[in-house]
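Engineer: Structure: structure-v4.txt, compact mmCIF, C-alpha atoms.
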```txt
# COMPACT_ATOMS: atom_id res chain seq x y z
CA MET A 901 -1.07 20.39 39.83
CA SER A 902 0.70 22.96 37.67
CA ILE A 903 0.18 23.20 33.92
CA ALA A 904 3.78 22.11 33.27
CA VAL A 905 3.31 18.96 35.34
CA GLN A 906 0.05 18.20 33.54
CA GLN A 907 1.73 18.56 30.15
CA ILE A 908 4.59 16.30 31.20
CA SER A 909 2.14 13.74 32.56
CA ARG A 910 0.09 13.84 29.35
CA PHE A 911 3.21 13.45 27.24
CA GLY A 912 4.42 10.55 29.37
CA TRP A 913 1.05 8.83 29.04
CA LEU A 914 1.15 9.33 25.25
CA VAL A 915 4.61 7.78 25.06
CA TYR A 916 3.46 4.88 27.24
CA GLU A 917 0.40 4.22 25.06
CA SER A 918 2.51 4.40 21.90
CA VAL A 919 5.10 1.93 23.21
CA THR A 920 2.51 -0.51 24.54
CA GLY A 921 0.46 -0.21 21.35
CA PHE A 922 3.48 -0.99 19.20
CA GLY A 923 4.32 -3.91 21.47
CA SER A 924 0.80 -5.28 21.12
CA PHE A 925 0.99 -4.88 17.34
CA ALA A 926 4.37 -6.64 17.18
CA THR A 927 2.99 -9.48 19.29
CA PHE A 928 -0.02 -9.75 16.99
CA VAL A 929 2.17 -9.87 13.86
CA TRP A 930 4.44 -12.48 15.42
CA ALA A 931 1.45 -14.65 16.36
CA VAL A 932 0.07 -14.51 12.80
CA LEU A 933 3.47 -15.35 11.30
CA ALA A 934 3.82 -18.24 13.75
CA ARG A 935 0.45 -19.64 12.64
CA PHE A 936 1.45 -19.36 9.00
CA ALA A 937 4.85 -20.98 9.60
CA ALA A 938 3.26 -23.87 11.50
CA HIS A 939 0.40 -24.54 9.05
CA PRO A 940 1.02 -22.72 5.74
CA LEU A 941 -1.29 -24.92 3.68
CA ARG A 942 -4.15 -24.57 6.14
CA CYS A 943 -3.79 -20.77 6.01
CA MET A 944 -3.81 -20.79 2.19
CA LYS A 945 -6.92 -22.84 1.51
CA TRP A 946 -8.77 -21.54 -1.52
CA ALA A 947 -12.02 -21.43 0.46
CA LEU A 948 -10.36 -18.84 2.70
CA LEU A 949 -8.25 -17.01 0.11
CA GLY A 950 -10.68 -16.88 -2.82
CA PRO A 951 -13.21 -14.45 -1.30
CA GLN A 952 -10.37 -12.22 -0.08
CA PHE A 953 -8.74 -12.15 -3.52
CA TYR A 954 -12.02 -10.92 -4.94
CA SER A 955 -12.87 -8.34 -2.27
CA ILE A 956 -9.33 -6.97 -1.95
CA GLY A 957 -8.11 -7.32 -5.53
CA VAL A 958 -10.83 -7.67 -8.15
CA ALA A 959 -13.23 -5.23 -6.51
CA SER A 960 -10.45 -2.63 -6.23
CA ILE A 961 -9.64 -2.63 -9.96
CA PRO A 962 -12.04 0.19 -10.96
CA VAL A 963 -10.81 2.71 -8.39
CA VAL A 964 -7.16 1.83 -9.03
CA ALA A 965 -7.67 2.08 -12.80
CA ILE A 966 -9.37 5.46 -12.60
CA THR A 967 -6.77 6.82 -10.19
CA GLY A 968 -3.80 5.56 -12.19
CA ALA A 969 -5.11 6.82 -15.53
CA PHE A 970 -5.98 10.28 -14.28
CA ILE A 971 -2.69 10.68 -12.41
CA GLY A 972 -0.84 9.95 -15.66
CA MET A 973 -3.01 12.47 -17.49
CA ILE A 974 -2.50 15.13 -14.83
CA LEU A 975 1.27 14.69 -14.84
CA ALA A 976 1.31 15.05 -18.63
CA LEU A 977 -0.88 18.15 -18.52
CA GLU A 978 1.21 19.80 -15.80
CA GLY A 979 4.59 18.89 -17.26
CA PHE A 980 4.12 19.49 -20.96
CA ASP A 981 4.55 23.28 -20.95
CA GLN A 982 7.82 23.06 -19.02
CA PHE A 983 9.22 20.41 -21.35
CA ALA A 984 7.94 22.20 -24.47
CA SER A 985 9.67 25.43 -23.38
CA LEU A 986 12.95 23.51 -23.48
CA GLY A 987 12.13 21.72 -26.71
CA GLN A 988 12.06 18.35 -24.92
CA GLU A 989 8.35 17.51 -25.05
CA SER A 990 9.13 14.16 -26.69
CA ARG A 991 10.96 13.12 -23.49
CA LEU A 992 8.04 13.90 -21.18
CA GLY A 993 6.79 10.30 -21.19
CA SER A 994 10.09 8.96 -19.89
CA LEU A 995 9.97 11.14 -16.78
CA ILE A 996 6.32 10.38 -16.10
CA ASN A 997 6.70 6.63 -16.54
CA ILE A 998 9.77 6.30 -14.35
CA SER A 999 8.03 8.34 -11.65
CA VAL A 1000 4.89 6.25 -11.93
CA THR A 1001 6.61 2.87 -11.80
CA LYS A 1002 9.00 3.70 -8.96
CA GLN A 1003 6.95 5.93 -6.68
CA ILE A 1004 3.51 7.11 -7.69
CA GLY A 1005 2.01 3.83 -8.91
CA PRO A 1006 2.89 1.70 -5.86
CA VAL A 1007 1.93 4.42 -3.38
CA LEU A 1008 -1.38 5.26 -5.06
CA ALA A 1009 -2.39 1.62 -5.43
CA ALA A 1010 -1.55 0.98 -1.77
CA VAL A 1011 -3.44 4.07 -0.60
CA MET A 1012 -6.49 3.00 -2.61
CA VAL A 1013 -6.30 -0.48 -1.07
CA ALA A 1014 -5.91 1.02 2.39
CA GLY A 1015 -8.89 3.29 1.88
CA ARG A 1016 -11.21 0.81 0.25
CA VAL A 1017 -10.11 -2.42 1.95
CA GLY A 1018 -8.26 -1.51 5.14
CA GLY A 1019 -11.20 0.19 6.78
CA ALA A 1020 -13.56 -2.56 5.65
CA LEU A 1021 -11.34 -5.28 7.10
CA ALA A 1022 -11.05 -3.44 10.41
CA ALA A 1023 -14.80 -2.86 10.56
CA GLU A 1024 -15.59 -6.48 9.68
CA LEU A 1025 -13.24 -7.97 12.26
CA GLY A 1026 -14.14 -5.27 14.78
CA THR A 1027 -17.81 -6.16 14.48
CA MET A 1028 -16.94 -9.80 15.04
CA ALA A 1029 -14.93 -8.85 18.12
CA VAL A 1030 -17.69 -6.64 19.54
CA THR A 1031 -20.37 -9.28 18.98
CA GLU A 1032 -18.11 -11.93 20.60
CA GLN A 1033 -17.88 -14.03 17.45
CA LEU A 1034 -14.11 -14.26 17.91
CA ASP A 1035 -14.59 -15.60 21.44
CA ALA A 1036 -17.08 -18.11 20.08
CA MET A 1037 -14.51 -19.32 17.53
CA ARG A 1038 -11.91 -19.77 20.26
CA ALA A 1039 -14.45 -21.67 22.39
CA MET A 1040 -14.95 -24.06 19.46
CA ASP A 1041 -11.17 -24.52 19.18
CA ALA A 1042 -11.03 -22.57 15.91
CA ASP A 1043 -8.08 -20.21 15.63
CA PRO A 1044 -9.22 -16.73 14.45
CA LEU A 1045 -5.67 -15.72 13.54
CA ARG A 1046 -5.31 -18.66 11.17
CA ILE A 1047 -8.84 -18.59 9.74
CA LEU A 1048 -9.53 -14.84 9.59
CA VAL A 1049 -6.27 -12.90 9.72
CA ALA A 1050 -3.73 -14.97 7.78
CA PRO A 1051 -5.83 -15.25 4.57
CA ARG A 1052 -6.55 -11.51 4.59
CA VAL A 1053 -2.90 -10.60 5.06
CA ILE A 1054 -1.82 -13.03 2.33
CA ALA A 1055 -4.43 -11.62 -0.03
CA CYS A 1056 -3.22 -8.06 0.65
CA ILE A 1057 0.39 -9.10 0.01
CA ILE A 1058 -0.47 -10.82 -3.28
CA MET A 1059 -3.09 -8.45 -4.68
CA THR A 1060 -1.39 -5.12 -3.92
CA PRO A 1061 1.51 -5.77 -6.37
CA LEU A 1062 -0.97 -6.91 -9.03
CA LEU A 1063 -2.99 -3.73 -8.55
CA THR A 1064 0.27 -1.77 -8.71
CA ILE A 1065 1.01 -3.26 -12.15
CA TYR A 1066 -2.48 -2.24 -13.25
CA SER A 1067 -1.96 1.27 -11.86
CA ASP A 1068 1.42 1.58 -13.62
CA LEU A 1069 -0.01 0.51 -16.97
CA LEU A 1070 -3.01 2.83 -16.75
CA GLY A 1071 -0.77 5.69 -15.65
CA ALA A 1072 1.52 5.17 -18.65
CA TRP A 1073 -1.41 4.97 -21.07
CA GLY A 1074 -3.08 8.01 -19.51
CA ALA A 1075 0.10 10.03 -19.98
CA TRP A 1076 0.39 8.67 -23.53
CA PHE A 1077 -3.13 9.77 -24.35
CA VAL A 1078 -2.55 13.37 -23.26
CA THR A 1079 0.98 13.63 -24.64
CA VAL A 1080 0.26 12.04 -28.02
CA CYS A 1081 -3.43 12.55 -28.71
CA VAL A 1082 -3.84 15.98 -27.11
CA PHE A 1083 -0.46 17.66 -27.55
CA GLY A 1084 0.57 15.90 -30.75
CA VAL A 1085 3.88 14.36 -29.67
CA ALA A 1086 4.87 11.41 -31.86
CA SER A 1087 3.87 8.11 -30.28
CA VAL A 1088 7.14 6.47 -31.33
CA ASP A 1089 9.09 9.18 -29.49
CA TYR A 1090 7.01 8.73 -26.36
CA TRP A 1091 7.76 5.01 -26.15
CA TYR A 1092 11.33 5.27 -27.45
CA TYR A 1093 12.51 7.69 -24.76
CA THR A 1094 10.58 5.74 -22.14
CA ALA A 1095 12.49 2.59 -23.13
CA GLN A 1096 15.76 4.53 -23.06
CA VAL A 1097 15.27 5.83 -19.52
CA LEU A 1098 13.18 3.16 -17.81
CA ASP A 1099 15.43 0.45 -16.39
CA TRP A 1100 14.23 -3.00 -15.33
CA TRP A 1101 15.00 -2.14 -11.71
CA ASP A 1102 12.47 0.72 -11.65
CA PRO A 1103 9.26 -1.37 -11.92
CA VAL A 1104 10.83 -4.18 -9.88
CA SER A 1105 11.62 -1.87 -6.98
CA GLY A 1106 8.09 -0.47 -7.18
CA LEU A 1107 6.60 -3.97 -6.98
CA LEU A 1108 8.82 -4.88 -4.04
CA LYS A 1109 7.61 -1.77 -2.27
CA SER A 1110 4.01 -2.76 -2.95
CA VAL A 1111 4.59 -6.12 -1.26
CA ALA A 1112 5.66 -4.30 1.91
CA PHE A 1113 2.71 -1.91 1.57
CA GLY A 1114 0.27 -4.81 1.25
CA ALA A 1115 1.69 -6.54 4.32
CA ALA A 1116 1.43 -3.32 6.33
CA ILE A 1117 -2.18 -2.76 5.26
CA GLY A 1118 -3.22 -6.32 6.07
CA PHE A 1119 -1.56 -6.50 9.46
CA ILE A 1120 -2.64 -3.03 10.59
CA ALA A 1121 -6.26 -3.43 9.47
CA CYS A 1122 -6.63 -6.83 11.12
CA PHE A 1123 -4.93 -5.64 14.32
CA LYS A 1124 -7.22 -2.63 14.57
CA GLY A 1125 -10.21 -4.90 14.10
CA PHE A 1126 -9.08 -7.37 16.75
CA SER A 1127 -8.32 -4.59 19.26
CA CYS A 1128 -11.59 -2.77 18.57
CA SER A 1129 -13.33 -1.23 21.59
CA ALA A 1130 -16.96 -1.99 22.37
CA GLY A 1131 -19.89 -0.44 20.57
CA ALA A 1132 -20.62 0.98 17.15
CA ALA A 1133 -18.38 3.96 17.91
CA GLY A 1134 -15.50 1.59 18.60
CA VAL A 1135 -15.97 -0.11 15.24
CA GLY A 1136 -16.02 3.25 13.49
CA ARG A 1137 -12.83 4.36 15.25
CA ALA A 1138 -11.15 1.08 14.35
CA ALA A 1139 -11.96 1.55 10.65
CA THR A 1140 -10.74 5.16 10.69
CA ASN A 1141 -7.59 4.33 12.64
CA ALA A 1142 -6.83 1.45 10.28
CA PHE A 1143 -6.78 3.77 7.27
CA VAL A 1144 -4.80 6.50 9.01
CA ALA A 1145 -2.21 4.08 10.39
CA SER A 1146 -1.94 2.27 7.05
CA PHE A 1147 -1.44 5.54 5.20
CA LEU A 1148 1.31 6.66 7.59
CA ALA A 1149 2.95 3.24 7.32
CA ILE A 1150 2.89 3.45 3.51
CA ILE A 1151 4.55 6.88 3.54
CA LEU A 1152 7.19 5.79 6.05
CA LEU A 1153 7.92 2.53 4.26
CA ASN A 1154 8.18 4.34 0.94
CA LEU A 1155 10.79 6.69 2.37
CA VAL A 1156 12.85 3.88 3.90
CA LEU A 1157 12.56 1.51 0.95
CA ALA A 1158 13.34 4.23 -1.61
CA GLU A 1159 16.68 4.82 0.10
CA PHE A 1160 17.30 1.10 0.57
CA PHE A 1161 16.55 0.08 -3.02
CA GLY A 1162 18.50 3.06 -4.32
CA SER A 1163 21.52 1.93 -2.32
CA VAL A 1164 21.10 -1.65 -3.53
CA TYR A 1165 20.93 -0.53 -7.16
CA LEU A 1166 24.00 1.66 -6.73
CA LEU A 1167 25.87 -1.19 -5.07
CA PHE A 1168 25.28 -3.63 -7.93
CA SER A 1169 25.37 -1.18 -10.84
CA GLY A 1170 28.28 0.92 -9.60
CA ASP A 1171 27.00 3.88 -11.63
CA ALA A 1172 25.83 6.79 -9.51
CA THR A 1173 24.68 8.75 -12.57
CA THR A 1174 21.86 6.28 -13.27
CA LEU A 1175 20.53 6.34 -9.73
CA MET A 1176 17.30 8.25 -9.24
CA PRO A 1177 15.80 8.84 -5.79
```
Since I need it in another form, could you write the structure as structure tokens?

Structural biologist:
Amino acid sequence: MSIAVQQISRFGWLVYESVTGFGSFATFVWAVLARFAAHPLRCMKWALLGPQFYSIGVASIPVVAITGAFIGMILALEGFDQFASLGQESRLGSLINISVTKQIGPVLAAVMVAGRVGGALAAELGTMAVTEQLDAMRAMDADPLRILVAPRVIACIIMTPLLTIYSDLLGAWGAWFVTVCVFGVASVDYWYYTAQVLDWWDPVSGLLKSVAFGAAIGFIACFKGFSCSAGAAGVGRAATNAFVASFLAIILLNLVLAEFFGSVYLLFSGDATTLMP
């Protein structure tokens, strides 16, 4: 077999695996949504949701806080000289805060959740799949999708926006600390120009993005865990693939939703000059 034929065959097999994998994922998502639609209250029992709220949300606060605060500080450090050269250092906070609330805060919070939680969820469910605990649940007429997957996805959807708010606030205060306390810009100017530039739609669009990010993380992590191959190596691959796939999904969703929400804002405001990408 020639090299060209081998390359074509390899490419065809890659396309086939990608299409079948996406089909399996779509089927998995549909099955979870069907369980939730049929028995929403049973999927949202506090005994199932409470531990997930803690592990996904509360336990992620330190890493999200540190990341958000230092990103705000870094943006202020990197941007101050450019703004000061134009005599506009008092307006630096407005640019940082609108960037944080619309783009950086939601993406960073979601990436932190994907890294800290996504891999853990995939490893946990993958271990249960490898050790046949999922099969044991089905044998006892217990639905793993309703008991294990739905609460984790719901917790990701709810906690990711809350962590995004925390990341936004810490990013704004981190930028404030560097701009005001280090570089000596008046605090009243920092907050005044932020209020002048930051529109209500900016943090709202960021929170709406974070809802989509949380759903993607929850579904992808649980799917990778359920489709885990046998052995410890399979569990490790599932955890790694969960983070990589979640990260790519976050980036892709951010691109699509940024354009979508920008178009929605332009449609209702009718002012193209206020639209920021």

Engineer: Ranking A:Ile956, A:Leu948, A:Thr1001, A:Leu975 by minimum distance to Val1097 of chain A and counting all atoms listed in the file, which one comes first?

Structural biologist: A:Thr1001

Engineer: Find the residue from A:Asn1154, A:Ser1146, A:Ser1163, A:Thr1027 that sits nearest to Ile1120 of chain A; use all atoms listed in the file when measuring.

Structural biologist: A:Ser1146

Engineer: Excluding segment 1135-1137 of chain A and residues on its chain fewer than 4 positions from it, collect all residues at most 7 Å away from it, counting only C-alpha atoms, and give them as an MDAnalysis selection string.

Structural biologist: chainID A and resid 1023 1026:1027 1128:1129 1131 1141

Engineer: Can you work out which one of A:Ile1004, A:Ala1050, A:Ala1036, A:Met1012 has the shortest atom-to-atom distance to Cys943 of chain A, counting all atoms listed in the file?

Structural biologist: A:Ala1050

Engineer: Extract, using all atoms listed in the file, all DNA, RNA and protein residues at most 12 Å from Arg991 of chain A, discarding same-chain residues fewer than 3 positions from it, and format them as a VMD selection string.

Structural biologist: chain A and resid 976 979 to 980 982 to 984 986 to 988 994 to 998 1075 to 1076 1079 to 1080 1085 to 1098

Engineer: Model the absent atoms of segment 1086-1098 of chain A so that N, CA and C atoms are present, and write the result as a PDB file, in the coordinates of the input.

Structural biologist:
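Writing the result to part_12.pdb gives the following:
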```pdb
ATOM      1  N   ALA A1086       4.847  12.681 -31.135  1.00  0.00           N
ATOM      2  CA  ALA A1086       4.870  11.410 -31.860  1.00  0.00           C
ATOM      3  C   ALA A1086       4.854  10.234 -30.880  1.00  0.00           C
ATOM      4  N   SER A1087       3.986   9.273 -31.163  1.00  0.00           N
ATOM      5  CA  SER A1087       3.870   8.110 -30.280  1.00  0.00           C
ATOM      6  C   SER A1087       5.179   7.335 -30.197  1.00  0.00           C
ATOM      7  N   VAL A1088       5.894   7.215 -31.325  1.00  0.00           N
ATOM      8  CA  VAL A1088       7.140   6.470 -31.330  1.00  0.00           C
ATOM      9  C   VAL A1088       8.173   7.140 -30.436  1.00  0.00           C
ATOM     10  N   ASP A1089       8.166   8.483 -30.375  1.00  0.00           N
ATOM     11  CA  ASP A1089       9.090   9.180 -29.490  1.00  0.00           C
ATOM     12  C   ASP A1089       8.743   8.951 -28.028  1.00  0.00           C
ATOM     13  N   TYR A1090       7.453   8.959 -27.741  1.00  0.00           N
ATOM     14  CA  TYR A1090       7.010   8.730 -26.360  1.00  0.00           C
ATOM     15  C   TYR A1090       7.529   7.393 -25.827  1.00  0.00           C
ATOM     16  N   TRP A1091       7.341   6.333 -26.610  1.00  0.00           N
ATOM     17  CA  TRP A1091       7.760   5.010 -26.150  1.00  0.00           C
ATOM     18  C   TRP A1091       9.266   4.803 -26.281  1.00  0.00           C
ATOM     19  N   TYR A1092       9.879   5.435 -27.272  1.00  0.00           N
ATOM     20  CA  TYR A1092      11.330   5.270 -27.450  1.00  0.00           C
ATOM     21  C   TYR A1092      12.092   5.846 -26.264  1.00  0.00           C
ATOM     22  N   TYR A1093      11.783   7.075 -25.876  1.00  0.00           N
ATOM     23  CA  TYR A1093      12.510   7.690 -24.760  1.00  0.00           C
ATOM     24  C   TYR A1093      12.149   7.028 -23.427  1.00  0.00           C
ATOM     25  N   THR A1094      10.933   6.512 -23.341  1.00  0.00           N
ATOM     26  CA  THR A1094      10.580   5.740 -22.140  1.00  0.00           C
ATOM     27  C   THR A1094      11.453   4.504 -22.023  1.00  0.00           C
ATOM     28  N   ALA A1095      11.639   3.788 -23.136  1.00  0.00           N
ATOM     29  CA  ALA A1095      12.490   2.590 -23.130  1.00  0.00           C
ATOM     30  C   ALA A1095      13.946   2.942 -22.861  1.00  0.00           C
ATOM     31  N   GLN A1096      14.382   4.128 -23.288  1.00  0.00           N
ATOM     32  CA  GLN A1096      15.760   4.530 -23.060  1.00  0.00           C
ATOM     33  C   GLN A1096      16.047   4.823 -21.597  1.00  0.00           C
ATOM     34  N   VAL A1097      15.073   5.382 -20.899  1.00  0.00           N
ATOM     35  CA  VAL A1097      15.270   5.830 -19.520  1.00  0.00           C
ATOM     36  C   VAL A1097      14.842   4.779 -18.503  1.00  0.00           C
ATOM     37  N   LEU A1098      13.754   4.081 -18.787  1.00  0.00           N
ATOM     38  CA  LEU A1098      13.180   3.160 -17.810  1.00  0.00           C
ATOM     39  C   LEU A1098      14.006   1.879 -17.746  1.00  0.00           C
TER      40      LEU A1098
END
```
